[in-house]
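Shown here: input09.txt, compact mmCIF, C-alpha atoms.
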# COMPACT_ATOMS: atom_id res chain seq x y z
CA MET D 1 0.00 0.00 0.00
CA THR D 2 1.21 3.51 -0.79
CA GLN D 3 2.44 5.40 2.23
CA GLY D 4 1.22 8.91 2.73
CA GLN D 5 -1.95 10.86 3.19
CA TYR D 6 -5.38 10.47 1.71
CA VAL D 7 -8.12 12.94 0.95
CA PHE D 8 -11.57 11.69 0.03
CA ILE D 9 -13.89 14.26 -1.48
CA GLU D 10 -17.46 13.19 -0.86
CA SER D 11 -19.92 15.06 -3.05
CA ARG D 12 -22.89 12.75 -2.74
CA ASP D 13 -25.89 12.84 -0.44
CA PRO D 14 -25.72 9.82 1.90
CA PHE D 15 -29.52 9.65 1.97
CA GLU D 16 -29.60 9.20 -1.78
CA SER D 17 -26.38 7.31 -2.50
CA SER D 18 -25.75 4.27 -0.36
CA ASP D 19 -22.29 3.93 -1.89
CA THR D 20 -21.13 6.80 0.32
CA GLY D 21 -20.62 3.99 2.81
CA PHE D 22 -17.77 2.65 0.70
CA VAL D 23 -15.92 5.95 1.03
CA ALA D 24 -16.34 5.87 4.80
CA ASP D 25 -15.22 2.24 4.91
CA ALA D 26 -12.10 3.00 2.86
CA ALA D 27 -11.26 6.09 4.91
CA ILE D 28 -11.61 4.21 8.19
CA ALA D 29 -9.62 1.22 6.91
CA LEU D 30 -6.76 3.52 5.90
CA ARG D 31 -6.89 5.30 9.24
CA GLU D 32 -6.74 1.97 11.06
CA ARG D 33 -3.56 1.24 9.12
CA GLY D 34 -1.97 4.41 10.39
CA ARG D 35 -2.52 6.70 7.44
CA GLU D 36 -3.57 10.32 7.83
CA VAL D 37 -7.01 10.58 6.25
CA ALA D 38 -9.36 13.48 5.62
CA VAL D 39 -12.86 13.38 4.23
CA PHE D 40 -13.91 16.68 2.69
CA LEU D 41 -17.68 16.92 2.30
CA LEU D 42 -18.99 19.21 -0.40
CA GLN D 43 -22.04 19.74 -2.61
CA ASN D 44 -24.76 17.38 -1.36
CA GLY D 45 -22.15 15.55 0.70
CA VAL D 46 -22.63 18.17 3.42
CA LEU D 47 -26.18 16.96 4.00
CA ALA D 48 -24.55 14.30 6.20
CA THR D 49 -23.28 16.87 8.67
CA ARG D 50 -26.46 17.86 10.49
CA ALA D 51 -26.25 16.79 14.11
CA ALA D 52 -29.91 15.82 14.02
CA ALA D 53 -29.47 13.45 11.09
CA GLN D 54 -30.19 9.90 12.12
CA ARG D 55 -28.21 8.24 9.34
CA GLY D 56 -24.89 8.83 7.66
CA HIS D 57 -21.28 7.99 8.26
CA VAL D 58 -19.92 11.14 9.82
CA GLY D 59 -20.10 9.83 13.37
CA ARG D 60 -18.04 6.73 12.73
CA LEU D 61 -15.52 8.71 10.66
CA VAL D 62 -14.96 11.10 13.55
CA GLU D 63 -14.77 8.23 16.06
CA ALA D 64 -12.14 6.54 13.89
CA GLY D 65 -9.94 9.62 13.91
CA VAL D 66 -10.59 10.67 10.34
CA SER D 67 -10.61 14.45 9.83
CA VAL D 68 -14.04 15.47 8.59
CA LEU D 69 -14.35 18.86 6.92
CA ALA D 70 -17.40 20.47 5.34
CA ASP D 71 -17.25 23.04 2.55
CA ASP D 72 -18.52 26.39 3.82
CA PHE D 73 -20.04 27.34 0.45
CA SER D 74 -21.98 24.06 0.21
CA LEU D 75 -23.22 24.42 3.79
CA ARG D 76 -24.40 27.95 3.12
CA GLU D 77 -26.14 26.98 -0.12
CA ARG D 78 -28.12 24.33 1.76
CA GLY D 79 -28.99 26.48 4.76
CA ILE D 80 -26.86 24.52 7.19
CA ASP D 81 -25.30 26.56 9.96
CA ALA D 82 -21.92 25.21 11.02
CA ARG D 83 -23.14 25.35 14.62
CA ASP D 84 -25.78 22.75 13.72
CA CYS D 85 -23.20 20.27 12.47
CA ARG D 86 -22.31 17.10 14.29
CA ASP D 87 -19.40 17.35 16.73
CA GLY D 88 -16.09 16.79 15.04
CA VAL D 89 -17.07 18.35 11.72
CA GLN D 90 -14.94 21.35 10.81
CA GLU D 91 -16.25 24.03 8.47
CA ALA D 92 -13.60 24.69 5.81
CA SER D 93 -13.03 26.74 2.70
CA ILE D 94 -12.24 25.42 -0.76
CA GLY D 95 -8.76 26.85 -0.20
CA THR D 96 -8.34 24.41 2.67
CA LEU D 97 -9.18 21.58 0.29
CA VAL D 98 -6.50 22.82 -2.11
CA ASP D 99 -3.99 22.92 0.76
CA LEU D 100 -4.88 19.35 1.73
CA MET D 101 -4.52 18.09 -1.83
CA MET D 102 -1.20 19.82 -2.43
CA ARG D 103 0.59 18.30 0.55
CA PRO D 104 3.44 16.05 -0.54
CA ASN D 105 2.64 12.40 -1.00
CA THR D 106 -1.12 12.88 -0.87
CA LYS D 107 -3.68 10.93 -2.86
CA THR D 108 -7.02 12.60 -3.50
CA VAL D 109 -10.10 10.68 -4.56
CA TRP D 110 -13.37 12.25 -5.69
CA HIS D 111 -16.67 10.51 -5.06
CA MET B 1 6.28 30.12 -12.71
CA PRO B 2 4.87 28.46 -9.58
CA ASP B 3 6.75 25.50 -8.15
CA ARG B 4 3.57 23.49 -7.56
CA THR B 5 1.03 22.30 -10.11
CA LEU B 6 -2.45 20.88 -9.74
CA THR B 7 -3.94 18.88 -12.60
CA LEU B 8 -7.70 18.44 -12.89
CA ALA B 9 -9.60 16.15 -15.23
CA LEU B 10 -13.17 17.27 -15.83
CA MET B 11 -15.90 15.29 -17.56
CA ASP B 12 -19.25 16.91 -16.83
CA ALA B 13 -20.97 18.89 -19.56
CA PRO B 14 -22.05 22.46 -18.79
CA TYR B 15 -25.22 23.13 -16.79
CA GLU B 16 -25.56 19.55 -15.54
CA ALA B 17 -23.57 19.08 -12.38
CA ALA B 18 -22.54 21.01 -9.29
CA ALA B 19 -19.10 19.52 -9.84
CA SER B 20 -18.42 22.06 -12.59
CA THR B 21 -18.90 24.93 -10.15
CA THR B 22 -16.75 23.14 -7.60
CA ALA B 23 -14.02 22.67 -10.20
CA PHE B 24 -14.07 26.40 -11.00
CA ARG B 25 -13.80 27.17 -7.29
CA ILE B 26 -10.84 24.81 -6.90
CA ILE B 27 -9.09 26.38 -9.90
CA ALA B 28 -9.64 29.90 -8.55
CA ALA B 29 -8.44 28.94 -5.08
CA ALA B 30 -5.33 27.24 -6.44
CA LEU B 31 -4.40 30.22 -8.62
CA ALA B 32 -4.91 32.51 -5.63
CA LYS B 33 -2.30 30.41 -3.82
CA ASP B 34 0.08 30.76 -6.80
CA ILE B 35 -0.36 27.14 -7.80
CA ALA B 36 -0.24 26.43 -11.52
CA VAL B 37 -3.30 24.56 -12.78
CA ASN B 38 -3.72 22.18 -15.69
CA VAL B 39 -7.22 21.26 -16.81
CA PHE B 40 -7.89 18.35 -19.10
CA ALA B 41 -11.48 18.59 -20.31
CA TYR B 42 -12.82 15.26 -21.46
CA GLU B 43 -16.16 14.12 -22.90
CA GLY B 44 -18.92 16.68 -22.24
CA ALA B 45 -16.57 19.00 -20.36
CA VAL B 46 -15.11 20.17 -23.68
CA CYS B 47 -18.31 22.22 -24.06
CA LEU B 48 -17.52 24.27 -20.96
CA THR B 49 -15.41 26.59 -23.10
CA GLN B 50 -17.61 26.68 -26.18
CA LYS B 51 -17.70 30.25 -27.44
CA ASP B 52 -21.19 29.98 -28.94
CA GLN B 53 -22.88 29.79 -25.53
CA ALA B 54 -25.37 32.61 -25.06
CA PRO B 55 -27.08 33.88 -21.92
CA HIS B 56 -30.85 33.85 -21.97
CA ALA B 57 -33.81 35.73 -20.60
CA ASN B 58 -36.19 34.06 -18.16
CA PRO B 59 -39.76 34.21 -19.47
CA VAL B 60 -41.09 32.54 -16.32
CA LYS B 61 -39.92 35.48 -14.22
CA GLY B 62 -40.33 37.96 -17.04
CA THR B 63 -36.70 39.07 -16.88
CA THR B 64 -34.60 40.19 -19.81
CA VAL B 65 -31.17 38.84 -20.72
CA GLU B 66 -29.59 41.80 -18.95
CA GLN B 67 -31.73 41.44 -15.83
CA GLU B 68 -31.21 37.71 -15.65
CA GLU B 69 -27.40 37.94 -15.85
CA HIS B 70 -27.29 34.25 -16.67
CA PRO B 71 -23.75 32.99 -16.14
CA THR B 72 -22.34 30.91 -18.96
CA THR B 73 -19.54 28.46 -18.30
CA LYS B 74 -17.46 29.94 -21.10
CA ASP B 75 -17.54 33.29 -19.29
CA LEU B 76 -16.68 31.65 -15.99
CA VAL B 77 -13.69 29.90 -17.58
CA ALA B 78 -12.68 33.10 -19.35
CA GLY B 79 -12.68 34.78 -15.95
CA LEU B 80 -10.25 32.16 -14.67
CA MET B 81 -7.83 32.48 -17.59
CA ASP B 82 -4.36 33.26 -16.34
CA PRO B 83 -0.84 32.54 -17.58
CA ARG B 84 -0.63 29.88 -14.87
CA LEU B 85 -3.74 28.05 -16.16
CA THR B 86 -3.41 25.54 -19.00
CA TRP B 87 -6.73 24.33 -20.40
CA VAL B 88 -6.70 21.42 -22.85
CA ASN B 89 -9.82 20.08 -24.54
CA CYS B 90 -9.82 16.47 -25.75
CA GLY B 91 -9.81 16.74 -29.54
CA LEU B 92 -11.79 13.58 -30.23
CA CYS B 93 -14.47 14.65 -27.76
CA VAL B 94 -14.58 18.06 -29.43
CA ASP B 95 -14.96 16.57 -32.90
CA GLU B 96 -17.74 14.23 -31.77
CA ARG B 97 -19.67 17.20 -30.47
CA GLY B 98 -18.77 19.71 -33.15
CA ALA B 99 -17.66 21.94 -30.31
CA GLY B 100 -14.44 23.37 -31.69
CA ASN B 101 -15.25 27.07 -31.41
CA TRP B 102 -13.55 27.94 -28.13
CA ILE B 103 -12.80 30.99 -26.11
CA ASP B 104 -9.22 32.26 -26.26
CA GLY B 105 -6.57 30.39 -24.31
CA VAL B 106 -7.85 26.86 -24.82
CA LYS B 107 -5.71 24.20 -26.51
CA ARG B 108 -6.55 21.00 -28.34
CA GLY B 109 -5.01 17.78 -27.04
CA GLY B 110 -5.69 14.22 -26.03
CA PRO B 111 -5.25 11.65 -23.28
CA PRO B 112 -1.45 11.60 -23.73
CA ASP B 113 -1.46 15.25 -22.68
CA PHE B 114 -3.39 14.35 -19.56
CA PHE B 115 -0.89 11.60 -18.77
CA LYS B 116 2.02 14.04 -19.16
CA MET B 117 0.27 16.63 -17.01
CA ALA B 118 -0.44 14.08 -14.28
CA VAL B 119 3.12 12.76 -14.24
CA GLU B 120 4.60 16.25 -14.04
CA SER B 121 2.16 17.70 -11.48
CA THR B 122 2.33 17.85 -7.71
CA THR B 123 -1.03 16.12 -7.62
CA THR B 124 -3.96 15.20 -9.83
CA LEU B 125 -7.68 15.18 -9.16
CA VAL B 126 -10.11 13.41 -11.47
CA ILE B 127 -13.69 14.64 -11.18
CA PRO B 128 -15.73 11.97 -12.95
CA THR B 129 -19.31 12.05 -14.08
CA ARG B 130 -21.66 10.21 -11.82
As structure tokens - that is how I would like this structure written.
Amino acid sequence: MTQGQYVFIESRDPFESSDTGFVADAAIALRERGREVAVFLLQNGVLATRAAAQRGHVGRLVEAGVSVLADDFSLRERGIDARDCRDGVQEASIGTLVDLMMRPNTKTVWH
Amino acid sequence: MPDRTLTLALMDAPYEAAASTTAFRIIAAALAKDIAVNVFAYEGAVCLTQKDQAPHANPVKGTTVEQEEHPTTKDLVAGLMDPRLTWVNCGLCVDERGAGNWIDGVKRGGPPDFFKMAVESTTTLVIPTR
């Protein structure tokens, strides 16, 4: 397996796309193997962040030590206040995503 | 020239997917950080830069073209154009679609160009269609 860091960009709504679970599974598996992993939620992917949501994978990502970030623009477009997000979710700009991707030895995967 | 380069592969056609807007935001953010950006537009994404795009009025709301200020993707890309941005449209995809009338600054290429860009870049992000 390649050493280094991983960034998963999740653009899909977990309530519509059950395959978002595969991204969470992969992120957690990499984290368990000692890799630094971030999941950046954007577009409808941020619909998973609401603390009141009863489904989704954000909770287990946070518990596994995966960094979970949510695009500020996507949150705003969908009327989600960052204060209403689940604990452990960090509001972030698209510039933060660029910084994450540009780190040396980083693989970025879009879903 | 910047010492870091980001390569993006885009596939979505204009006006279909939020991913196009996200890609534009990523490009703008990277350029603002003095990161060079390569874009390889594949399949429907070659139409993002098509010069013939025209804004339209909105008869449902009764607005004129000027009032509507409908953003076209070719104008959004034109707004991103910068010496540090290289935009390559896949030639075969262009020919299939008859979409060869581009805004200034766009080049014709093919998958070998994307391979070269990816090999020579700091990192590469592929944004596929769903």
Counting only C-alpha atoms, the residue of B:Ala19, B:Gln53, B:Cys93, B:Arg4 that sits nearest B:Lys33: B:Arg4
Point-to-point distance in Å for atom CA of B:Asn38 and atom CA of B:Thr5: 7.3 Å
Using all atoms listed in the file, what table do you get, as a tab-separated table, when you list each residue of chain B with an atom no more than 9 Å from chain D, its nearest pair of atoms, and their distance in Å rounded to one decimal, rows by chain then rising number?
residue	atom	partner	partner_atom	distance
B:Arg4	CA	D:Met102	CA	7.9
B:Thr5	CA	D:Met102	CA	8.4
B:Leu6	CA	D:Met102	CA	7.5
B:Ala18	CA	D:Gln43	CA	6.8
B:Ala19	CA	D:Gln43	CA	7.8
B:Thr22	CA	D:Gln43	CA	8.0
B:Arg25	CA	D:Ile94	CA	6.9
B:Ile26	CA	D:Ile94	CA	6.3
B:Ile27	CA	D:Val98	CA	8.9
B:Ala28	CA	D:Gly95	CA	8.9
B:Ala29	CA	D:Gly95	CA	5.3
B:Ala30	CA	D:Val98	CA	6.3
B:Ala32	CA	D:Gly95	CA	8.7
B:Lys33	CA	D:Gly95	CA	8.2
B:Thr122	CA	D:Met102	CA	6.6
B:Thr123	CA	D:Met102	CA	6.4
B:Thr124	CA	D:Thr108	CA	7.5
B:Leu125	CA	D:Thr108	CA	6.3
B:Val126	CA	D:Trp110	CA	6.7
B:Ile127	CA	D:Trp110	CA	6.0
B:Pro128	CA	D:Trp110	CA	7.6
B:Arg130	CA	D:His111	CA	8.4
Near-D:Arg31 list (10 Å; all atoms listed in the file; drop same-chain fewer than 3 positions) as a ChimeraX atom specification: /D:5-6,25-28,34-38,61,64-67
Could you save the residues just selected, with C-alpha atoms, as a tab-separated table (two decimals), in the coordinates of the input?
chain	number	residue	atom	x	y	z
D	5	GLN	CA	-1.95	10.86	3.19
D	6	TYR	CA	-5.38	10.47	1.71
D	25	ASP	CA	-15.22	2.24	4.91
D	26	ALA	CA	-12.10	3.00	2.86
D	27	ALA	CA	-11.26	6.09	4.91
D	28	ILE	CA	-11.61	4.21	8.19
D	34	GLY	CA	-1.97	4.41	10.39
D	35	ARG	CA	-2.52	6.70	7.44
D	36	GLU	CA	-3.57	10.32	7.83
D	37	VAL	CA	-7.01	10.58	6.25
D	38	ALA	CA	-9.36	13.48	5.62
D	61	LEU	CA	-15.52	8.71	10.66
D	64	ALA	CA	-12.14	6.54	13.89
D	65	GLY	CA	-9.94	9.62	13.91
D	66	VAL	CA	-10.59	10.67	10.34
D	67	SER	CA	-10.61	14.45	9.83
Answer as JSON, numbers by chain, residues within 12 Å of (-30.3, 36.0, -28.1) using all atoms listed in the file: {"B": [52, 53, 54, 55, 56, 57, 58, 64, 65, 66, 70]}
Separation of atom CA of D:Gln54 from atom CA of D:Asp81 in Å: 17.5 Å
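Atom CA of B:Gly91 is found 6.0 Å from atom CA of B:Gly110.
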Counting all atoms listed in the file, the option among B:Arg97, B:Lys116, B:Arg108, B:Thr21 closest to B:Pro71: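 Of all the options, B:Thr21 lies closest to B:Pro71.
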Around (-18.4, 20.6, 4.0), as given in the file, which residues come within 6 Å? Count only C-alpha atoms and list them as a compact mmCIF listing (two decimals) with C-alpha atoms, in the frame of the given file.
# COMPACT_ATOMS: atom_id res chain seq x y z
CA LEU D 41 -17.68 16.92 2.30
CA LEU D 42 -18.99 19.21 -0.40
CA VAL D 46 -22.63 18.17 3.42
CA LEU D 69 -14.35 18.86 6.92
CA ALA D 70 -17.40 20.47 5.34
CA ASP D 71 -17.25 23.04 2.55
CA ASP D 72 -18.52 26.39 3.82
Selected residue of minimal separation from B:Gly100 among B:Met11, B:Val88, B:Ala23, B:Met117, counting all atoms listed in the file: B:Val88
